[in-house]
Amino acid sequence: MGTHQPEERPDMSLTLRTISREQHLAYIQSLPSASHMQVPAWADVKAEWRSESLGWFDDRTGELVGAGLVLYRQLPKIKRYLAYLPEGPVINWYAPNLDDWIQPMLAHLKQQGAFSVKMGPPVIIRRWNAETIKKGIQDQDVKRLRDLEADFIEPRAFEVADKLRRMGWQQGEDGGAGFGDVQPRYVYQVPLANRSLEEVHKNFNQLWRRNIKKAEKAGVEVVQGGYQDLAEWQRLYEITAVRDHFRPRPLSYFQRMWSALNTEDPNRMRLYFARHNGVNLSAATMLIVGGHVWYSYGASDNIGREVRPSNAMQWRMLRDAYALGATVYDLRGISDSLDETDHLFGLIQFKVGTGGQAAEYLGEWDFPLNKLLHKALDIYMSRR
């Protein structure tokens, strides 16, 4: 489970070039899964960025063996770009010759006018099971996930980090302690491969099981919505934004997301509502790429919480993911704080109830192609 690494022969020599969206999509479709931020249609979602699909070819067979979606953002007032590969590129990260994959990419991006490159290798370093996290929450000395011994460690991930450092890649100052990256470094996942739905349900904690039952008894129904229901989604989402003090994305963003992703693949994005007595109480968006399914955005009203609509909705989404043959149901970002006074603690508490695992990715890495402009960007970002 986790990230699929494309196969590779040790003596493979590679060529990198721009590829068409069709080639890019066909490559993604040939894999068990990839990040939803690395499908070609994600470029349409991020319409304010310029974009390009990159392909790595095996010189001997001419076969496409890796792909990356690059988003270019122009620096204010100058014709230079930040090049960003969110949760990508999709290459063989464990290749012995990682240099041969990365260097041509840097050369190409420099040629395209990039002054700095940011990427997020889809490589998982550690995993912690729900039981381990629960014990950590009860232990006063444990403040963060990384204070806990992991249940699973991927030694090759540390080699990837070492190689990147030696190439001159840098990581953010916070050492990846949570939301310092643009994309979350810590996520919560429920593994589905080789498990029955009964097993998955049994692994939920008592509170989750009780809440699912409570919602059923109360007659909460969970339904799928379509493009025409996005305004209703937005209503619940804006109520959530006020309650949780964040700036909501506009309705147009979700409309664009729906159109772009579902034009590429009619089953790429779904919308769910949990309703009681005909009133929508909570809603969520779901994204699907191969065997990887994400709970992407969530929203809920301030009323009707006692009938537990969110638990009912998650259980339905998880069952639907299972029916699609998903290997993992991904609840996305968590902070790594296990401190009950932390404002993000509720998030991990809710997700740990599903009995899944917290996973730590390698985090995002930067390569300053022009050190002066890179520094200027850092200052600009810190003042925003």
# chains A, B, ... in the order shown; residues from 1 in each chain; ligands from 1
$ select_by_dssp --residues "segment 118-318 of chain A" --states "alpha helix (DSSP H)" --output "JSON, numbers by chain"
{"A": [130, 131, 132, 133, 134, 135, 136, 137, 138, 155, 156, 157, 158, 159, 160, 161, 162, 163, 164, 165, 166, 167, 197, 198, 199, 200, 201, 202, 203, 206, 207, 208, 209, 210, 211, 212, 213, 214, 215, 216, 217, 218, 230, 231, 232, 233, 234, 235, 236, 237, 238, 239, 240, 241, 242, 243, 244, 251, 252, 253, 254, 255, 256, 257, 258, 259, 260, 261, 262, 263, 264, 309, 310, 311, 312, 313, 314, 315, 316, 317, 318]}
$ select_by_dssp --residues "segment 72-147 of chain A" --states "strand (DSSP E)" --output "PyMOL selection string"
chain A and resi 72-74+81-85+114-119+124-129
$ closest_residue --among "A:Val190, A:Ala299, A:Ala358, A:Ala41" --to "Asp151 of chain A" --atoms "only C-alpha atoms"
A:Ala358
$ closest_residue --among "A:Gly363, A:Pro86, A:Gly355, A:Pro191" --to "His292 of chain A" --atoms "only C-alpha atoms"
A:Pro191
$ closest_residue --among "A:Gln189, A:Ile288, A:Val200, A:Tyr322" --to "Ile334 of chain A" --atoms "only C-alpha atoms"
A:Gln189
$ closest_residue --among "A:Leu324, A:Ala157, A:Leu14, A:Leu31" --to "Gln103 of chain A" --atoms "only C-alpha atoms"
A:Leu14
$ closest_residue --among "A:Ile133, A:Ala114, A:Leu197, A:Leu71" --to "Arg50 of chain A" --atoms "only C-alpha atoms"
A:Leu71
$ closest_residue --among "A:Ala274, A:Met119, A:Ala67, A:Ala26" --to "Pro368 of chain A" --atoms "only C-alpha atoms"
A:Met119
$ residues_around --residues "Pro155 of chain A" --least-positions-apart "5" --cutoff "10 Å" --atoms "only C-alpha atoms" --output "NGL selection string"
:A and (125-126 or 160)
$ write_last_selection --atoms "N, CA, C and O atoms" --output "CSV table (one decimal), in the first residue's frame"
chain,number,residue,atom,x,y,z
A,125,ILE,N,7.6,7.8,4.7
A,125,ILE,CA,8.7,7.4,5.6
A,125,ILE,C,8.3,6.5,6.7
A,125,ILE,O,8.9,5.5,7.0
A,126,ARG,N,7.2,6.9,7.4
A,126,ARG,CA,6.8,6.2,8.6
A,126,ARG,C,5.3,6.1,8.6
A,126,ARG,O,4.6,6.9,8.1
A,160,VAL,N,16.5,8.3,0.0
A,160,VAL,CA,16.0,9.3,-1.0
A,160,VAL,C,16.3,10.7,-0.4
A,160,VAL,O,16.8,11.6,-1.1
$ atom_distance --atom1 "atom CA of Asp59 of chain A" --atom2 "atom CA of Pro104 of chain A"
13.7 Å
$ residues_around --residues "Gln228 of chain A" --least-positions-apart "2" --cutoff "12 Å" --atoms "only C-alpha atoms" --output "PyMOL selection string"
chain A and resi 224-226+230-234+251+254-255+258-259+271
$ residues_around --residues "Ser35 of chain A" --least-positions-apart "2" --cutoff "10 Å" --atoms "only C-alpha atoms" --output "list in words"
Thr3, Ile28, Ser33, Met37, Gln38, Val39, Pro86, Glu87, Gly88, Pro89, Val90, Pro122, Leu287, Ile288, Val289, Gly290, His292, Val293 and Trp294 of chain A
$ write_last_selection --atoms "all heavy atoms" --output "CSV table (one decimal), in the first residue's frame"
chain,number,residue,atom,x,y,z
A,3,THR,N,2.6,4.3,-2.2
A,3,THR,CA,2.9,4.8,-3.5
A,3,THR,C,3.5,3.8,-4.4
A,3,THR,O,4.4,3.1,-4.0
A,3,THR,CB,4.0,6.0,-3.3
A,3,THR,OG1,3.7,6.7,-2.2
A,3,THR,CG2,3.9,6.9,-4.5
A,28,ILE,N,-0.6,7.8,-16.3
A,28,ILE,CA,-1.3,7.8,-15.0
A,28,ILE,C,-2.2,6.6,-14.9
A,28,ILE,O,-2.3,5.9,-13.9
A,28,ILE,CB,-2.0,9.1,-14.6
A,28,ILE,CG1,-1.0,10.3,-14.5
A,28,ILE,CG2,-2.8,9.0,-13.3
A,28,ILE,CD1,-0.1,10.3,-13.3
A,33,SER,N,-2.0,3.7,-8.9
A,33,SER,CA,-2.5,5.0,-8.4
A,33,SER,C,-1.4,6.1,-8.5
A,33,SER,O,-0.3,5.8,-8.8
A,33,SER,CB,-2.9,4.9,-6.9
A,33,SER,OG,-1.8,4.8,-6.1
A,37,MET,N,-3.1,15.4,-7.6
A,37,MET,CA,-2.5,16.6,-8.0
A,37,MET,C,-1.5,16.4,-9.1
A,37,MET,O,-0.8,17.3,-9.6
A,37,MET,CB,-1.8,17.3,-6.8
A,37,MET,CG,-2.7,17.7,-5.8
A,37,MET,SD,-1.9,18.6,-4.5
A,37,MET,CE,-3.2,18.5,-3.2
A,38,GLN,N,-1.4,15.2,-9.6
A,38,GLN,CA,-0.5,14.9,-10.7
A,38,GLN,C,-1.2,14.4,-11.9
A,38,GLN,O,-0.6,13.9,-12.9
A,38,GLN,CB,0.6,13.8,-10.3
A,38,GLN,CG,1.7,14.5,-9.4
A,38,GLN,CD,2.6,15.4,-10.2
A,38,GLN,OE1,3.1,15.1,-11.3
A,38,GLN,NE2,2.7,16.7,-9.7
A,39,VAL,N,-2.5,14.5,-11.9
A,39,VAL,CA,-3.3,14.2,-13.2
A,39,VAL,C,-3.3,15.4,-14.0
A,39,VAL,O,-3.3,16.5,-13.5
A,39,VAL,CB,-4.7,13.7,-12.9
A,39,VAL,CG1,-4.7,12.4,-12.0
A,39,VAL,CG2,-5.6,14.7,-12.2
A,86,PRO,N,3.3,19.4,-7.3
A,86,PRO,CA,2.6,19.0,-6.1
A,86,PRO,C,2.5,17.5,-6.0
A,86,PRO,O,2.0,16.9,-6.9
A,86,PRO,CB,1.2,19.7,-6.1
A,86,PRO,CG,1.0,20.0,-7.6
A,86,PRO,CD,2.4,20.1,-8.2
A,87,GLU,N,3.0,16.9,-4.9
A,87,GLU,CA,2.9,15.4,-4.7
A,87,GLU,C,3.5,14.7,-5.9
A,87,GLU,O,3.0,13.6,-6.3
A,87,GLU,CB,1.5,15.0,-4.3
A,87,GLU,CG,1.1,15.6,-3.0
A,87,GLU,CD,-0.3,15.2,-2.5
A,87,GLU,OE1,-0.9,14.4,-3.1
A,87,GLU,OE2,-0.7,15.7,-1.4
A,88,GLY,N,4.5,15.2,-6.5
A,88,GLY,CA,5.1,14.6,-7.7
A,88,GLY,C,6.6,15.0,-7.8
A,88,GLY,O,7.1,15.7,-6.9
A,89,PRO,N,7.3,14.6,-8.9
A,89,PRO,CA,6.8,13.9,-10.0
A,89,PRO,C,6.5,12.4,-9.7
A,89,PRO,O,6.9,11.9,-8.7
A,89,PRO,CB,7.9,14.1,-11.1
A,89,PRO,CG,9.1,14.2,-10.2
A,89,PRO,CD,8.7,15.0,-9.0
A,90,VAL,N,5.8,11.8,-10.7
A,90,VAL,CA,5.5,10.3,-10.5
A,90,VAL,C,6.6,9.6,-11.3
A,90,VAL,O,6.6,9.3,-12.5
A,90,VAL,CB,4.1,10.0,-11.2
A,90,VAL,CG1,3.8,8.6,-10.9
A,90,VAL,CG2,3.1,10.9,-10.6
A,122,PRO,N,6.2,11.6,-3.6
A,122,PRO,CA,5.1,10.8,-3.0
A,122,PRO,C,5.7,9.6,-2.3
A,122,PRO,O,5.3,8.5,-2.6
A,122,PRO,CB,4.2,10.5,-4.2
A,122,PRO,CG,5.2,10.5,-5.3
A,122,PRO,CD,6.3,11.5,-5.0
A,287,LEU,N,-12.2,12.4,-4.1
A,287,LEU,CA,-11.4,12.3,-5.3
A,287,LEU,C,-10.9,10.9,-5.5
A,287,LEU,O,-10.5,10.2,-4.5
A,287,LEU,CB,-10.2,13.3,-5.3
A,287,LEU,CG,-10.6,14.8,-5.1
A,287,LEU,CD1,-9.4,15.6,-5.0
A,287,LEU,CD2,-11.4,15.2,-6.3
A,288,ILE,N,-10.8,10.4,-6.8
A,288,ILE,CA,-10.4,9.0,-7.1
A,288,ILE,C,-9.4,9.0,-8.2
A,288,ILE,O,-9.6,9.5,-9.3
A,288,ILE,CB,-11.7,8.2,-7.5
A,288,ILE,CG1,-12.8,8.3,-6.4
A,288,ILE,CG2,-11.3,6.8,-7.9
A,288,ILE,CD1,-14.2,8.2,-7.0
A,289,VAL,N,-8.2,8.4,-7.9
A,289,VAL,CA,-7.3,8.1,-9.0
A,289,VAL,C,-6.8,6.7,-8.8
A,289,VAL,O,-6.1,6.4,-7.8
A,289,VAL,CB,-6.0,9.1,-8.9
A,289,VAL,CG1,-5.1,8.8,-10.1
A,289,VAL,CG2,-6.5,10.5,-8.9
A,290,GLY,N,-7.2,5.8,-9.7
A,290,GLY,CA,-6.9,4.4,-9.5
A,290,GLY,C,-7.4,3.9,-8.2
A,290,GLY,O,-8.5,4.0,-7.8
A,292,HIS,N,-6.5,4.8,-5.2
A,292,HIS,CA,-6.4,5.7,-4.1
A,292,HIS,C,-7.6,6.7,-4.1
A,292,HIS,O,-7.9,7.3,-5.1
A,292,HIS,CB,-5.1,6.6,-4.3
A,292,HIS,CG,-4.5,7.2,-3.0
A,292,HIS,ND1,-3.2,7.0,-2.6
A,292,HIS,CD2,-5.1,7.9,-2.1
A,292,HIS,CE1,-3.1,7.6,-1.5
A,292,HIS,NE2,-4.2,8.2,-1.1
A,293,VAL,N,-8.3,6.7,-3.0
A,293,VAL,CA,-9.5,7.5,-2.8
A,293,VAL,C,-9.2,8.5,-1.7
A,293,VAL,O,-8.8,8.1,-0.6
A,293,VAL,CB,-10.7,6.7,-2.6
A,293,VAL,CG1,-11.9,7.6,-2.2
A,293,VAL,CG2,-11.0,5.8,-3.8
A,294,TRP,N,-9.5,9.8,-2.0
A,294,TRP,CA,-9.3,10.8,-0.9
A,294,TRP,C,-10.6,11.5,-0.5
A,294,TRP,O,-11.5,11.8,-1.4
A,294,TRP,CB,-8.5,12.0,-1.5
A,294,TRP,CG,-7.1,11.7,-1.8
A,294,TRP,CD1,-6.0,11.9,-1.0
A,294,TRP,CD2,-6.5,11.2,-3.0
A,294,TRP,NE1,-4.8,11.5,-1.6
A,294,TRP,CE2,-5.1,11.0,-2.9
A,294,TRP,CE3,-7.1,10.7,-4.2
A,294,TRP,CZ2,-4.3,10.6,-3.9
A,294,TRP,CZ3,-6.3,10.2,-5.2
A,294,TRP,CH2,-4.9,10.2,-5.0
